[in-house]
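Have a look at query23.txt below; it lists compact mmCIF, C-alpha atoms and all ligand atoms.
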```txt
# COMPACT_ATOMS: atom_id res chain seq x y z
CA MET A 1 -15.17 8.76 23.44
CA LEU A 2 -12.05 10.33 21.96
CA THR A 3 -12.71 10.88 18.28
CA PHE A 4 -10.14 11.60 15.58
CA SER A 5 -10.34 12.88 12.01
CA SER A 6 -8.02 14.79 9.67
CA PRO A 7 -9.26 17.68 7.46
CA ALA A 8 -7.13 16.18 4.63
CA GLN A 9 -9.64 13.33 4.44
CA MET A 10 -12.11 15.69 2.67
CA GLY A 11 -9.75 16.02 -0.31
CA HIS A 12 -10.50 12.58 -1.78
CA ALA A 13 -13.50 13.08 -4.05
CA PRO A 14 -13.64 10.34 -6.70
CA LEU A 15 -15.65 11.41 -9.74
CA LEU A 16 -17.20 8.05 -10.62
CA GLU A 17 -16.95 4.29 -10.31
CA LEU A 18 -17.18 1.85 -13.20
CA VAL A 19 -19.83 -0.63 -12.07
CA ASN A 20 -22.78 -2.51 -13.56
CA GLY A 21 -21.47 -1.70 -17.03
CA ALA A 22 -21.64 2.03 -16.51
CA ALA A 23 -20.00 5.04 -14.92
CA GLU A 24 -21.97 5.79 -11.76
CA ASP A 25 -21.65 8.53 -9.16
CA HIS A 26 -19.14 7.33 -6.58
CA ALA A 27 -20.77 6.16 -3.36
CA GLU A 28 -17.80 6.98 -1.10
CA THR A 29 -18.04 10.79 -0.89
CA PRO A 30 -16.68 13.61 1.29
CA ALA A 31 -20.31 14.20 2.33
CA ARG A 32 -20.08 10.97 4.34
CA LEU A 33 -17.44 12.48 6.60
CA ALA A 34 -19.26 15.82 6.73
CA ASN A 35 -22.38 14.03 7.98
CA MET A 36 -20.43 12.06 10.60
CA LEU A 37 -18.83 15.29 11.83
CA THR A 38 -22.25 16.87 12.45
CA MET A 39 -22.93 14.16 15.05
CA ALA A 40 -19.46 13.57 16.43
CA GLY A 41 -19.03 16.28 19.07
CA THR A 42 -15.43 17.24 19.73
CA VAL A 43 -13.08 15.81 17.11
CA GLU A 44 -9.30 15.92 17.49
CA ALA A 45 -6.93 16.38 14.57
CA PRO A 46 -4.53 13.43 14.62
CA GLY A 47 -1.21 15.21 14.14
CA ASP A 48 1.41 13.63 11.89
CA HIS A 49 2.88 10.36 13.15
CA GLY A 50 4.84 9.87 9.94
CA LEU A 51 5.02 6.96 7.53
CA ALA A 52 6.62 4.38 9.83
CA PRO A 53 3.33 2.96 11.22
CA ILE A 54 1.95 2.79 7.65
CA LEU A 55 5.07 1.05 6.34
CA ALA A 56 4.81 -1.47 9.19
CA VAL A 57 1.77 -2.80 7.28
CA HIS A 58 2.13 -1.72 3.65
CA ASP A 59 4.76 -2.49 1.02
CA HIS A 60 7.19 0.38 0.35
CA ASP A 61 6.82 0.25 -3.45
CA TYR A 62 3.03 0.17 -3.14
CA VAL A 63 3.03 3.28 -0.94
CA ALA A 64 5.35 5.02 -3.44
CA PHE A 65 2.94 4.06 -6.23
CA LEU A 66 -0.08 5.44 -4.32
CA LYS A 67 1.67 8.74 -3.65
CA ASP A 68 2.67 9.17 -7.29
CA ALA A 69 -0.19 7.52 -9.19
CA HIS A 70 -2.33 10.55 -9.93
CA ALA A 71 0.67 12.64 -11.03
CA ALA A 72 1.75 9.76 -13.31
CA TRP A 73 -1.80 9.64 -14.69
CA LEU A 74 -1.71 13.36 -15.54
CA ALA A 75 1.81 12.98 -16.99
CA ALA A 76 0.43 10.29 -19.30
CA GLY A 77 -1.89 12.96 -20.73
CA ARG A 78 -5.04 11.82 -18.94
CA THR A 79 -7.69 13.87 -17.16
CA GLY A 80 -9.92 12.96 -14.23
CA ASP A 81 -9.20 10.07 -11.88
CA ALA A 82 -6.78 7.18 -12.41
CA ILE A 83 -8.60 3.86 -12.93
CA GLY A 84 -7.03 0.65 -14.19
CA TYR A 85 -8.49 -1.41 -17.01
CA ALA A 86 -6.25 -4.51 -17.16
CA PHE A 87 -5.84 -6.86 -14.20
CA PRO A 88 -3.58 -9.90 -13.82
CA VAL A 89 -5.13 -13.31 -13.40
CA ARG A 90 -4.17 -15.06 -10.16
CA ALA A 91 -0.60 -16.18 -9.53
CA ARG A 92 1.08 -13.78 -11.94
CA ARG A 93 4.71 -12.89 -11.16
CA PRO A 94 5.97 -9.73 -9.47
CA LEU A 95 6.80 -7.45 -12.41
CA ALA A 96 8.46 -4.04 -12.72
CA LEU A 97 6.04 -2.32 -15.09
CA ASP A 98 6.71 1.07 -16.64
CA ARG A 99 3.38 2.69 -17.36
CA ILE A 100 0.61 3.91 -15.09
CA ASP A 101 -2.03 1.65 -16.70
CA GLY A 102 -0.04 -1.48 -15.95
CA LYS A 103 0.67 -0.37 -12.42
CA LEU A 104 -3.00 0.45 -11.74
CA GLY A 105 -3.86 -3.13 -12.67
CA GLN A 106 -0.92 -4.55 -10.76
CA TYR A 107 -1.81 -2.81 -7.48
CA GLY A 108 -5.58 -2.56 -7.83
CA PHE A 109 -8.22 -5.26 -8.01
CA ASP A 110 -11.31 -3.46 -9.29
CA THR A 111 -12.72 -0.52 -11.27
CA VAL A 112 -14.52 1.14 -8.36
CA THR A 113 -11.47 2.57 -6.57
CA PRO A 114 -10.19 5.61 -8.48
CA ILE A 115 -7.05 7.49 -7.51
CA ALA A 116 -7.89 11.21 -7.60
CA ALA A 117 -5.78 14.31 -7.09
CA GLY A 118 -6.40 14.43 -3.32
CA THR A 119 -6.34 10.69 -2.69
CA TRP A 120 -2.88 10.31 -1.19
CA GLU A 121 -3.29 13.22 1.25
CA ALA A 122 -6.72 11.92 2.27
CA VAL A 123 -5.70 8.29 2.83
CA HIS A 124 -2.61 9.48 4.70
CA GLY A 125 -4.87 11.67 6.89
CA ALA A 126 -7.28 8.79 7.53
CA ALA A 127 -4.38 6.51 8.50
CA GLN A 128 -3.07 9.24 10.84
CA ALA A 129 -6.51 9.36 12.50
CA ALA A 130 -6.34 5.59 13.07
CA ILE A 131 -2.78 5.90 14.40
CA ALA A 132 -3.78 8.70 16.79
CA ALA A 133 -6.73 6.64 18.05
CA ALA A 134 -4.44 3.64 18.57
CA GLU A 135 -1.84 5.81 20.36
CA ALA A 136 -4.52 7.22 22.65
CA VAL A 137 -5.59 3.73 23.70
CA VAL A 138 -2.22 1.93 23.96
CA SER A 139 -0.76 4.87 25.93
CA GLY A 140 -3.59 4.52 28.44
CA ARG A 141 -4.87 8.04 27.75
CA SER A 142 -8.25 6.58 26.92
CA ASP A 143 -9.97 3.23 27.20
CA LYS A 144 -11.65 3.64 23.80
CA ALA A 145 -11.16 5.81 20.74
CA PHE A 146 -12.89 6.18 17.39
CA ALA A 147 -11.20 7.19 14.13
CA LEU A 148 -13.63 8.69 11.62
CA CYS A 149 -11.70 7.30 8.68
CA ARG A 150 -12.64 7.89 5.08
CA PRO A 151 -11.78 6.61 2.63
CA PRO A 152 -12.21 3.27 4.40
CA GLY A 153 -9.41 0.72 4.64
CA HIS A 154 -10.39 -2.90 5.21
CA HIS A 155 -10.22 -4.03 1.55
CA ALA A 156 -6.64 -2.72 1.16
CA GLY A 157 -3.88 -5.32 1.51
CA ARG A 158 -0.15 -5.05 2.08
CA ASP A 159 0.40 -4.11 -1.56
CA TYR A 160 -3.02 -3.55 -3.08
CA PHE A 161 -6.01 -1.22 -3.16
CA GLY A 162 -9.66 -1.89 -3.97
CA GLY A 163 -13.19 -1.68 -2.61
CA TYR A 164 -12.86 2.11 -2.07
CA CYS A 165 -9.81 1.39 0.18
CA TYR A 166 -6.13 2.37 -0.20
CA LEU A 167 -4.45 2.12 3.22
CA ASN A 168 -5.71 -0.36 5.80
CA ASN A 169 -6.47 1.82 8.82
CA ALA A 170 -7.57 -1.08 11.05
CA ALA A 171 -4.46 -3.11 10.23
CA ILE A 172 -2.23 -0.10 10.90
CA ALA A 173 -3.86 0.36 14.32
CA ALA A 174 -3.60 -3.38 15.07
CA ARG A 175 0.07 -3.58 14.11
CA LEU A 176 0.84 -0.51 16.22
CA ALA A 177 -0.93 -2.05 19.22
CA VAL A 178 1.06 -5.30 18.87
CA ALA A 179 4.31 -3.34 18.51
CA ARG A 180 3.54 -1.46 21.75
CA GLY A 181 3.03 -4.67 23.69
CA ALA A 182 -0.77 -4.33 23.77
CA GLY A 183 -1.26 -7.72 22.11
CA PRO A 184 -2.66 -10.20 21.56
CA VAL A 185 -4.97 -8.10 19.40
CA ALA A 186 -8.31 -9.00 17.87
CA VAL A 187 -9.77 -7.20 14.87
CA LEU A 188 -13.55 -7.47 14.67
CA ASP A 189 -14.94 -6.40 11.30
CA VAL A 190 -18.67 -5.64 11.31
CA ASP A 191 -18.84 -3.85 7.97
CA TYR A 192 -21.34 -5.37 5.49
CA HIS A 193 -18.43 -6.42 3.28
CA HIS A 194 -15.68 -8.86 4.14
CA GLY A 195 -12.43 -7.17 5.19
CA ASN A 196 -10.22 -9.07 2.79
CA GLY A 197 -7.25 -6.73 3.17
CA THR A 198 -7.15 -7.13 6.94
CA GLN A 199 -7.58 -10.89 6.58
CA ASP A 200 -4.69 -11.10 4.11
CA ILE A 201 -2.38 -8.92 6.20
CA PHE A 202 -2.80 -11.06 9.33
CA TYR A 203 -3.54 -14.44 7.71
CA ALA A 204 -0.32 -16.10 8.90
CA ASP A 205 0.06 -13.93 12.03
CA GLY A 206 -0.68 -15.56 15.38
CA ASP A 207 -0.60 -12.23 17.27
CA VAL A 208 -3.73 -10.88 15.56
CA PHE A 209 -7.07 -12.64 15.50
CA PHE A 210 -9.37 -11.54 12.67
CA ALA A 211 -13.12 -12.08 12.95
CA SER A 212 -15.51 -10.78 10.32
CA ILE A 213 -19.30 -10.80 10.02
CA HIS A 214 -20.32 -9.94 6.48
CA ALA A 215 -22.50 -10.65 3.49
CA ASP A 216 -21.75 -14.03 1.98
CA PRO A 217 -19.09 -13.50 -0.70
CA ARG A 218 -20.93 -15.98 -2.92
CA THR A 219 -23.37 -13.11 -3.53
CA ASP A 220 -21.47 -9.97 -2.54
CA PHE A 221 -18.25 -8.01 -2.97
CA PRO A 222 -15.35 -8.81 -2.52
CA TYR A 223 -16.35 -12.31 -3.79
CA PHE A 224 -12.86 -13.86 -3.71
CA TRP A 225 -12.36 -13.72 0.07
CA GLY A 226 -14.54 -14.07 3.14
CA HIS A 227 -15.65 -17.67 2.78
CA ALA A 228 -16.14 -19.69 5.96
CA ASP A 229 -13.33 -22.14 5.20
CA GLU A 230 -10.63 -19.42 5.30
CA ARG A 231 -9.21 -20.12 8.77
CA GLY A 232 -5.65 -18.74 8.69
CA ALA A 233 -2.31 -20.32 7.90
CA GLY A 234 0.95 -21.24 9.64
CA GLU A 235 1.24 -19.39 12.97
CA GLY A 236 -2.12 -17.80 12.19
CA GLU A 237 -3.89 -21.13 11.71
CA GLY A 238 -7.23 -20.84 13.52
CA ALA A 239 -6.81 -17.07 14.06
CA ASN A 240 -9.13 -16.11 11.18
CA LEU A 241 -12.88 -16.45 11.58
CA ASN A 242 -15.28 -15.64 8.75
CA LEU A 243 -18.98 -15.55 9.56
CA PRO A 244 -20.81 -14.96 6.28
CA LEU A 245 -24.53 -14.17 6.44
CA PRO A 246 -27.23 -14.11 3.78
CA ARG A 247 -28.71 -10.97 2.28
CA GLY A 248 -31.69 -9.80 4.32
CA THR A 249 -30.09 -10.65 7.69
CA ASP A 250 -31.81 -8.83 10.58
CA TRP A 251 -30.78 -8.27 14.20
CA ARG A 252 -32.18 -11.63 15.40
CA SER A 253 -29.65 -13.63 13.39
CA TYR A 254 -26.94 -10.97 13.51
CA GLU A 255 -26.96 -10.94 17.33
CA SER A 256 -26.25 -14.65 17.71
CA VAL A 257 -23.42 -14.51 15.17
CA LEU A 258 -21.93 -11.46 16.90
CA ALA A 259 -22.08 -13.43 20.18
CA THR A 260 -20.12 -16.22 18.45
CA ALA A 261 -17.49 -13.71 17.29
CA MET A 262 -17.17 -12.17 20.76
CA GLU A 263 -16.76 -15.63 22.35
CA ALA A 264 -14.01 -16.47 19.86
CA ILE A 265 -12.23 -13.18 20.63
CA ALA A 266 -12.39 -13.93 24.37
CA ARG A 267 -11.13 -17.49 23.82
CA PHE A 268 -8.19 -16.11 21.80
CA GLY A 269 -7.23 -14.06 24.85
CA ALA A 270 -7.24 -10.67 23.12
CA ARG A 271 -6.06 -7.78 25.30
CA THR A 272 -6.83 -5.04 22.75
CA LEU A 273 -9.74 -4.86 20.34
CA ILE A 274 -9.80 -3.12 16.97
CA VAL A 275 -13.25 -2.68 15.43
CA SER A 276 -13.75 -2.10 11.73
CA TYR A 277 -17.17 -0.46 11.93
CA GLY A 278 -19.23 -0.09 8.76
CA ALA A 279 -22.74 1.35 8.82
CA ASP A 280 -23.55 -0.35 5.52
CA THR A 281 -25.37 -3.11 7.46
CA PHE A 282 -28.13 -0.48 7.84
CA ALA A 283 -31.44 -1.52 6.26
CA GLU A 284 -31.56 1.62 4.12
CA ASP A 285 -28.01 1.44 2.82
CA PRO A 286 -28.13 2.06 -0.94
CA ILE A 287 -25.53 -0.60 -1.92
CA SER A 288 -26.01 -3.28 0.76
CA GLN A 289 -28.65 -5.82 1.77
CA PHE A 290 -28.80 -6.40 5.55
CA SER A 291 -31.74 -5.18 7.66
CA LEU A 292 -30.28 -3.55 10.77
CA SER A 293 -31.78 -0.42 12.32
CA THR A 294 -30.08 2.53 14.01
CA GLN A 295 -31.09 1.00 17.35
CA ASP A 296 -29.40 -2.24 16.29
CA MET A 297 -26.18 -0.25 15.79
CA GLN A 298 -26.39 0.70 19.46
CA ARG A 299 -27.08 -2.94 20.43
CA MET A 300 -24.03 -3.94 18.40
CA GLY A 301 -21.90 -1.38 20.24
CA THR A 302 -23.20 -2.57 23.60
CA MET A 303 -22.31 -6.21 22.88
CA ILE A 304 -18.83 -5.24 21.72
CA GLY A 305 -18.27 -2.86 24.65
CA ALA A 306 -19.31 -5.62 27.08
CA ALA A 307 -16.02 -7.40 26.31
CA GLY A 308 -14.42 -4.73 28.51
CA LEU A 309 -11.34 -4.48 26.28
CA PRO A 310 -9.38 -1.36 25.38
CA THR A 311 -10.94 -0.60 22.01
CA ILE A 312 -9.92 1.30 18.89
CA ALA A 313 -12.75 1.64 16.37
CA VAL A 314 -12.16 2.78 12.80
CA MET A 315 -14.82 3.75 10.28
CA GLU A 316 -15.25 1.61 7.20
CA GLY A 317 -18.30 1.77 4.86
CA GLY A 318 -21.87 3.07 5.08
CA TYR A 319 -23.46 4.96 2.19
CA ASN A 320 -26.78 6.26 3.45
CA VAL A 321 -25.24 9.67 3.99
CA ALA A 322 -28.19 11.27 5.77
CA ALA A 323 -28.27 8.46 8.37
CA LEU A 324 -24.52 7.95 8.70
CA GLY A 325 -23.80 10.28 11.63
CA ARG A 326 -26.82 8.91 13.50
CA ASN A 327 -25.71 5.31 12.98
CA VAL A 328 -22.14 6.05 14.07
CA ALA A 329 -23.39 7.96 17.13
CA ALA A 330 -25.68 5.04 18.05
CA PHE A 331 -22.81 2.56 17.74
CA ILE A 332 -20.54 4.77 19.87
CA ALA A 333 -23.26 5.19 22.52
CA GLY A 334 -23.52 1.40 22.76
CA LEU A 335 -19.75 0.95 22.84
CA GLU A 336 -19.51 3.45 25.70
CA GLY A 337 -21.85 1.31 27.74
CA GLY A 338 -25.29 2.51 26.71
C1 LIG A 401 -20.80 -1.58 -5.74
C2 LIG A 401 -19.55 -2.43 -5.77
C3 LIG A 401 -18.44 -2.02 -4.89
C4 LIG A 401 -18.55 -2.42 -3.48
C5 LIG A 401 -17.50 -1.73 -2.67
C6 LIG A 401 -17.63 -1.98 -1.21
C7 LIG A 401 -17.10 -0.87 -0.38
C8 LIG A 401 -17.34 -1.12 1.08
N1 LIG A 401 -20.73 -0.23 -6.13
N2 LIG A 401 -16.55 -1.97 1.72
O1 LIG A 401 -16.69 -2.21 3.01
O2 LIG A 401 -18.22 -0.59 1.72
ZN ZN A 402 -18.68 -2.08 3.30
```
Produce C-alpha cells that represent the structure in this file.
Amino acid sequence: MLTFSSPAQMGHAPLLELVNGAAEDHAETPARLANMLTMAGTVEAPGDHGLAPILAVHDHDYVAFLKDAHAAWLAAGRTGDAIGYAFPVRARRPLALDRIDGKLGQYGFDTVTPIAAGTWEAVHGAAQAAIAAAEAVVSGRSDKAFALCRPPGHHAGRDYFGGYCYLNNAAIAARLAVARGAGPVAVLDVDYHHGNGTQDIFYADGDVFFASIHADPRTDFPYFWGHADERGAGEGEGANLNLPLPRGTDWRSYESVLATAMEAIARFGARTLIVSYGADTFAEDPISQFSLSTQDMQRMGTMIGAAGLPTIAVMEGGYNVAALGRNVAAFIAGLEGG
C-alpha cells in the first residue's frame, strides 16, 4: 500500500478543547500520527500540489481566514489557541465581520476545534497527503493508497471548520478523482462520527455518492447531521446514504450495515472509492462508544477491498493512541486483500 504523510502535520498541537463545561486536554494530538508512523512502513512525503485542489472544494475566503486566523488572534492581543465563543443561529446572512472573534464563530461550529500556530501548515500538509494519494491512484501508479491525515477532515465543509477538522481531505481527494475522469466516485465514511462536511459538500452532487456508518446523531456528535432521512438534493437526490447505529454496536451488526453500504456503492456504479477511515469505532476508544476489535478493523478492510475498486483511504479519527497504528495496520491489511 502506498502511504503518504507530511512532516508539517506534526505542527498542529491544540492546547485544549472546551467540552463538558471545562477545558480538557485535546484528544487530537501529534502523538496520534507518531503512533501511526511506527506501524506504517515506508511513508512518502506528498510534495506540494498547490492550493488549486483545495480551492476546488473550499471557499476562497474561508481558506484565507484559516491561513490568517492565528496571526489575527495574536494581533488581537491574545495568547494560546484561537477558539470562538459566539456562533450564529441557523439561517443567518453572509456577513463581512471585522474581528477575529466574530470570524471564528462565523466559520466554526464548535468549541473543540482550536486554531493554533501550526494549524494552517498542518492542515495544508494533510490535504497534500490526500492529494498525493489520490494522484497515485487516478494516475494508475497504484491501485490503492492511504493518506495518514491528521488533523482529520470529514467534519469540515466548504466554508466551515469543526469536529477537529479544517480542510476536508476526503472531499479534496474525491473532487480530484472526478476532475480526472475517475468518476463516478463513492465516499464511504466508517469513522464513528458522521462526516457532515463531506455530506454537505456533495449533497447536491450526482457525481459523488456519500455513504456513512456512524453513531446515531441523536446521541452523538455532530448531532445536526447524519440522520437517516438525509438523502441528498437536486442532482444528488438519492446519492447520500446515512446508516446511523446505536452506541454499543459490535461487529455482528456493523458487518450487515457495511454490506448494505457496499451494495449501495456498487448499485451507484462507482469507479473510484474514497474511504474516510476512523479508528474511533474501536471498543477502547476514549471518546466513542462502538465495540469493534482490531481484528474487526481487518474484517472491515477486507469487505471494502472486496469491491475491487481503485481506492484512496484517508485517516479521520481514533483517539486510543497506543492502539492507533495497530488498528490502521489491521485495516490496511484487510484492504490489501488479507
Ligand atoms: C468530544 C466532542 C467532540 C467530538 C469530536 C469528534 C472528532 C472526530 N470531545 N470526528 O470524526 O473524531
Ligand atoms: Zn470520529
- Task: Tell me, as a list in words, which residues lie within 6 Å of segment 202-215 of chain A, counting all atoms listed in the file; anything in the same chain fewer than 3 positions away does not count.
- Result: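 Near segment 202-215 of chain A, the qualifying residues are Pro184, Val185, Ala186, Val187, Leu188, Asp189, Val190, Tyr192, His193, His194, Gln199, Gly232, Ala233, Gly234, Glu235, Gly236, Ala239, Asn240, Leu241, Asn242, Leu243, Pro244, Leu245 and Pro246 of chain A.
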- Select the residues contacting ligand LIG 401 (chain A) at a distance of at most 10 Å, based on all atoms listed in the file, then format the selection as a PyMOL selection string. chain A and resi 17-20+24-28+110-113+151-156+162-165+189-196+214+220-222+276-281+286-288+315-319
- Using atom CA of Ser142 of chain A and atom CA of Ala56 of chain A as the two end points, give the distance in Å to one decimal.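 One can read the atom CA of Ser142 of chain A to atom CA of Ala56 of chain A distance as 23.4 Å.
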- Query: Leaving out Thr119 of chain A and any residue of its chain fewer than 2 positions from it, which residues lie within 8 Å of it when counting all atoms listed in the file, given as a list in words?
  - Reply: Gly11, His12, Ala13, Ile115, Ala116, Ala117, Glu121, Ala122 and Val123 of chain A
- Query: What is the distance between atom CA of Phe161 of chain A and atom CA of Gly108 of chain A, in Å to one decimal?
  - Reply: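 Interatomic distance here is 4.9 Å.
Atom CA of Val178 of chain A to atom CA of Ala136 of chain A spans 14.2 Å [interatomic distance, one decimal].
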- Task: Give me the residues within 7 Å of Gly84 of chain A as a VMD selection string, counting only C-alpha atoms and dropping any in the same chain fewer than 6 places off.
- Result: chain A and resid 101 104 to 105 111
- Item | Pick from A:Phe290, A:Ala266, A:Arg252, A:Leu16, whichever lies nearest to ligand ZN 402 (chain A) using all atoms listed in the file | A:Phe290
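Closest approach to Gly337 of chain A from the set A:Lys144, A:His49, A:Arg92, A:Arg247 is made by A:Lys144, with distances taken over all atoms listed in the file.
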- Contact residues around Ala283 of chain A with all atoms listed in the file at 7 Å, ignoring same-chain residues under 3 positions, as a count of residues only: 5
- Query: Which polymer residues, protein or nucleic acid, are no farther than 6 Å from (-16.5, 4.4, 22.3), counting only C-alpha atoms, as a PyMOL selection string?
  - Reply: chain A and resi 1+144-145+332+335-336
- Task: Could you give me, as a ChimeraX atom specification, the residues within 8 Å of Gly325 of chain A, counting all atoms listed in the file and dropping anything in the same chain fewer than 4 positions from it?
- Result: /A:35-40,321,329
Export of the given selection (C-alpha atoms) as a CSV table (one decimal), in the frame of the given file:
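Final output, part-v5.csv:
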```
chain,number,residue,atom,x,y,z
A,35,ASN,CA,-22.4,14.0,8.0
A,36,MET,CA,-20.4,12.1,10.6
A,37,LEU,CA,-18.8,15.3,11.8
A,38,THR,CA,-22.2,16.9,12.4
A,39,MET,CA,-22.9,14.2,15.0
A,40,ALA,CA,-19.5,13.6,16.4
A,321,VAL,CA,-25.2,9.7,4.0
A,329,ALA,CA,-23.4,8.0,17.1
```
Could you add whatever atoms are missing so that segment 251-269 of chain A carries N, CA and C atoms, then write the result as a JSON list (two decimals), in the frame of the given file?
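Now in part.json:
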```
[["chain", "number", "residue", "atom", "x", "y", "z"],
["A", 251, "TRP", "N", -31.49, -8.22, 12.92],
["A", 251, "TRP", "CA", -30.78, -8.27, 14.20],
["A", 251, "TRP", "C", -30.86, -9.63, 14.88],
["A", 252, "ARG", "N", -32.00, -10.31, 14.77],
["A", 252, "ARG", "CA", -32.18, -11.63, 15.40],
["A", 252, "ARG", "C", -31.04, -12.59, 15.04],
["A", 253, "SER", "N", -30.75, -12.73, 13.77],
["A", 253, "SER", "CA", -29.65, -13.63, 13.39],
["A", 253, "SER", "C", -28.29, -12.97, 13.60],
["A", 254, "TYR", "N", -28.24, -11.65, 13.37],
["A", 254, "TYR", "CA", -26.94, -10.97, 13.51],
["A", 254, "TYR", "C", -26.43, -11.11, 14.94],
["A", 255, "GLU", "N", -27.34, -10.92, 15.91],
["A", 255, "GLU", "CA", -26.96, -10.94, 17.33],
["A", 255, "GLU", "C", -26.29, -12.25, 17.73],
["A", 256, "SER", "N", -26.83, -13.37, 17.27],
["A", 256, "SER", "CA", -26.25, -14.65, 17.71],
["A", 256, "SER", "C", -24.88, -14.87, 17.05],
["A", 257, "VAL", "N", -24.72, -14.37, 15.83],
["A", 257, "VAL", "CA", -23.42, -14.51, 15.17],
["A", 257, "VAL", "C", -22.39, -13.57, 15.81],
["A", 258, "LEU", "N", -22.84, -12.38, 16.19],
["A", 258, "LEU", "CA", -21.93, -11.46, 16.90],
["A", 258, "LEU", "C", -21.51, -12.07, 18.24],
["A", 259, "ALA", "N", -22.44, -12.75, 18.91],
["A", 259, "ALA", "CA", -22.08, -13.43, 20.18],
["A", 259, "ALA", "C", -21.00, -14.48, 19.92],
["A", 260, "THR", "N", -21.13, -15.21, 18.83],
["A", 260, "THR", "CA", -20.12, -16.22, 18.45],
["A", 260, "THR", "C", -18.76, -15.56, 18.25],
["A", 261, "ALA", "N", -18.76, -14.42, 17.54],
["A", 261, "ALA", "CA", -17.49, -13.71, 17.29],
["A", 261, "ALA", "C", -16.88, -13.24, 18.60],
["A", 262, "MET", "N", -17.70, -12.69, 19.49],
["A", 262, "MET", "CA", -17.17, -12.17, 20.76],
["A", 262, "MET", "C", -16.62, -13.30, 21.63],
["A", 263, "GLU", "N", -17.28, -14.47, 21.60],
["A", 263, "GLU", "CA", -16.76, -15.63, 22.35],
["A", 263, "GLU", "C", -15.40, -16.06, 21.79],
["A", 264, "ALA", "N", -15.27, -16.06, 20.48],
["A", 264, "ALA", "CA", -14.01, -16.47, 19.86],
["A", 264, "ALA", "C", -12.89, -15.51, 20.23],
["A", 265, "ILE", "N", -13.22, -14.21, 20.27],
["A", 265, "ILE", "CA", -12.23, -13.18, 20.63],
["A", 265, "ILE", "C", -11.78, -13.37, 22.08],
["A", 266, "ALA", "N", -12.73, -13.68, 22.96],
["A", 266, "ALA", "CA", -12.39, -13.93, 24.37],
["A", 266, "ALA", "C", -11.52, -15.18, 24.49],
["A", 267, "ARG", "N", -11.88, -16.23, 23.78],
["A", 267, "ARG", "CA", -11.13, -17.49, 23.82],
["A", 267, "ARG", "C", -9.69, -17.29, 23.33],
["A", 268, "PHE", "N", -9.53, -16.41, 22.33],
["A", 268, "PHE", "CA", -8.19, -16.11, 21.80],
["A", 268, "PHE", "C", -7.33, -15.41, 22.85],
["A", 269, "GLY", "N", -7.97, -14.76, 23.80],
["A", 269, "GLY", "CA", -7.23, -14.06, 24.85],
["A", 269, "GLY", "C", -6.79, -12.67, 24.45]]
```
